[in-house]
Amino acid sequence: MMGRMSVLVVMVLVLAVAGAAPAAQMMNEAAAKQLDTAIAHAKNAAGASTTAQVELHLHHVINCIEGKDGKNYFTGSGDVCQGMGQGLLKDLQAAGMAGGHALPYVEIAGSVALWGLSQGMRKDLARAKIAAEVAQSTLVQAKANFK
């Protein structure tokens with residue numbers, strides 16, 4: 001009886017671990033997609049020729065980073081990361097150690113993107129574009145550390 005119980009416990013543990021692996025993989029894939037999208041939009045912002053374009057793409061970056069529940073999420077700019085996950089901050093936190101390595105870079109990129117938005121609102125195109133470049137570079141570092 002004790003032997004059967006031990007086998008049952010081991011089987012339950014194996015199934016639990018096996019189920020956790022695909023869930024973690026899905027979370028990593030969601031975060032990777034959002035990260036690639038945020039990088040692309042930071043690049044778009046850095047290459048934009050008007051403050052309105054910079055602001056739009058930086059809002060996209062923020063929306064990907066924070067997700068729909070983020071305090072700086074801006075519905076009016078659209079959600080280019082819709083359906084990819086819950087936002088980089090949440091998905092990286094849920095992605096375990098790999099996410100933990102990338103998370104500080106994403107947090108910094110979010111702060112820089114918000115600063116860039118404030119520069120765009122002041123109609124300072126040069127500073128807004130520099131912020132977009134820094135955000136892009138920082139997100140690229142996040143991707144390099146997402147392992």
# chains A, B, ... in the order shown; residues from 1 in each chain; ligands from 1
$ residues_around --residues "Gly100 in chain A" --least-positions-apart "5" --cutoff "12 Å" --atoms "only C-alpha atoms" --output "short mmCIF file (atom, residue, chain, number, x, y, z; two decimals) with C-alpha atoms, in the first residue's frame"
data_model
loop_
_atom_site.label_atom_id
_atom_site.label_comp_id
_atom_site.auth_asym_id
_atom_site.auth_seq_id
_atom_site.Cartn_x
_atom_site.Cartn_y
_atom_site.Cartn_z
CA ASN A 28 8.45 33.35 -22.24
CA ALA A 31 7.17 38.25 -23.29
CA LEU A 88 6.00 42.96 -20.38
CA LEU A 89 6.19 43.85 -16.70
CA LYS A 90 3.70 41.17 -15.67
CA ASP A 91 4.91 38.56 -18.14
CA LEU A 92 8.58 38.98 -17.25
CA GLN A 93 7.76 38.72 -13.54
CA ALA A 94 5.94 35.46 -14.30
CA ALA A 95 8.76 34.13 -16.51
CA TYR A 105 16.05 46.94 -18.45
CA VAL A 106 12.35 47.01 -19.34
CA GLU A 107 11.58 49.13 -16.27
CA ALA A 142 16.53 43.42 -22.06
CA LYS A 143 16.21 40.99 -24.96
CA ASN A 145 19.42 39.31 -20.98
CA PHE A 146 16.16 37.39 -21.39
CA LYS A 147 17.67 33.96 -20.85
#
$ residues_around --residues "range 120-127 of chain A" --least-positions-apart "5" --cutoff "12 Å" --atoms "only C-alpha atoms" --output "list in words"
Ala45, Ala46, Gly47, Ala48, Ser49, Thr50, Thr51, Ala52, Gln53, Val54, Glu55, Leu56, His57, Leu58, His59, Val112, Ala113, Leu114, Trp115, Ala132, Glu133 and Val134 of chain A
$ atom_distance --atom1 "CA of Ala109 in chain A" --atom2 "CA of Leu139 in chain A"
6.2 Å
$ select_by_dssp --residues "range 22-127 of chain A" --states "alpha helix (DSSP H)" --output "short mmCIF file (atom, residue, chain, number, x, y, z; two decimals) with C-alpha atoms, in the first residue's frame"
data_model
loop_
_atom_site.label_atom_id
_atom_site.label_comp_id
_atom_site.auth_asym_id
_atom_site.auth_seq_id
_atom_site.Cartn_x
_atom_site.Cartn_y
_atom_site.Cartn_z
CA PRO A 22 4.72 24.45 -21.18
CA ALA A 23 3.12 27.25 -19.15
CA ALA A 24 6.52 28.83 -18.51
CA GLN A 25 7.43 28.42 -22.18
CA MET A 26 4.19 30.14 -23.22
CA MET A 27 4.93 33.02 -20.83
CA ASN A 28 8.45 33.35 -22.24
CA GLU A 29 7.08 33.39 -25.79
CA ALA A 30 4.50 36.05 -24.86
CA ALA A 31 7.17 38.25 -23.29
CA ALA A 32 9.52 37.74 -26.26
CA LYS A 33 6.82 38.83 -28.74
CA GLN A 34 5.97 41.90 -26.69
CA LEU A 35 9.65 42.75 -26.32
CA ASP A 36 10.23 42.52 -30.09
CA THR A 37 7.17 44.71 -30.70
CA ALA A 38 8.29 47.31 -28.14
CA ILE A 39 11.77 47.41 -29.72
CA ALA A 40 10.25 47.95 -33.18
CA HIS A 41 8.07 50.81 -31.96
CA ALA A 42 10.92 52.46 -30.06
CA LYS A 43 12.89 52.31 -33.32
CA ASN A 44 9.92 53.80 -35.18
CA ALA A 45 9.76 56.62 -32.61
CA ALA A 46 13.49 57.30 -32.94
CA THR A 51 6.54 64.90 -32.36
CA ALA A 52 3.10 63.37 -33.01
CA GLN A 53 4.73 60.29 -34.58
CA VAL A 54 7.25 60.01 -31.75
CA GLU A 55 4.46 60.25 -29.18
CA LEU A 56 2.35 57.62 -30.94
CA HIS A 57 5.16 55.08 -31.05
CA LEU A 58 6.33 55.82 -27.50
CA HIS A 59 2.75 55.23 -26.34
CA HIS A 60 2.94 51.88 -28.14
CA VAL A 61 6.14 51.10 -26.23
CA ILE A 62 4.50 52.00 -22.91
CA ASN A 63 1.39 50.00 -23.74
CA CYS A 64 3.50 46.91 -24.51
CA ILE A 65 5.51 47.35 -21.33
CA GLU A 66 2.62 48.01 -18.96
CA LEU A 88 6.00 42.96 -20.38
CA LEU A 89 6.19 43.85 -16.70
CA LYS A 90 3.70 41.17 -15.67
CA ASP A 91 4.91 38.56 -18.14
CA LEU A 92 8.58 38.98 -17.25
CA GLN A 93 7.76 38.72 -13.54
CA ALA A 94 5.94 35.46 -14.30
CA GLY A 96 11.02 33.20 -13.62
CA MET A 97 14.74 33.78 -13.66
CA ALA A 98 14.88 34.56 -17.39
CA GLY A 99 12.35 37.33 -16.92
CA GLY A 100 14.13 38.57 -13.83
CA HIS A 101 17.29 39.19 -15.86
CA ALA A 102 15.40 41.30 -18.42
CA LEU A 103 12.98 43.10 -16.10
CA PRO A 104 15.25 45.93 -14.86
CA TYR A 105 16.05 46.94 -18.45
CA VAL A 106 12.35 47.01 -19.34
CA GLU A 107 11.58 49.13 -16.27
CA ILE A 108 14.28 51.62 -17.27
CA ALA A 109 13.06 51.68 -20.88
CA GLY A 110 9.55 52.44 -19.63
CA SER A 111 10.80 55.37 -17.57
CA VAL A 112 12.80 56.74 -20.48
CA ALA A 113 9.84 56.35 -22.86
CA LEU A 114 7.63 58.27 -20.44
CA TRP A 115 10.23 61.03 -20.24
CA GLY A 116 10.33 61.07 -24.04
CA LEU A 117 6.55 61.48 -24.13
CA SER A 118 6.84 64.51 -21.87
CA GLN A 119 9.41 66.00 -24.26
CA GLY A 120 7.08 65.37 -27.19
CA MET A 121 4.29 67.15 -25.37
CA LEU A 125 11.42 66.65 -31.11
CA ALA A 126 15.16 66.18 -30.63
CA ARG A 127 14.88 65.15 -26.97
#
$ closest_residue --among "A:Gly85, A:Ala144, A:Ala135, A:Ile130" --to "Asp69 in chain A" --atoms "only C-alpha atoms"
A:Gly85
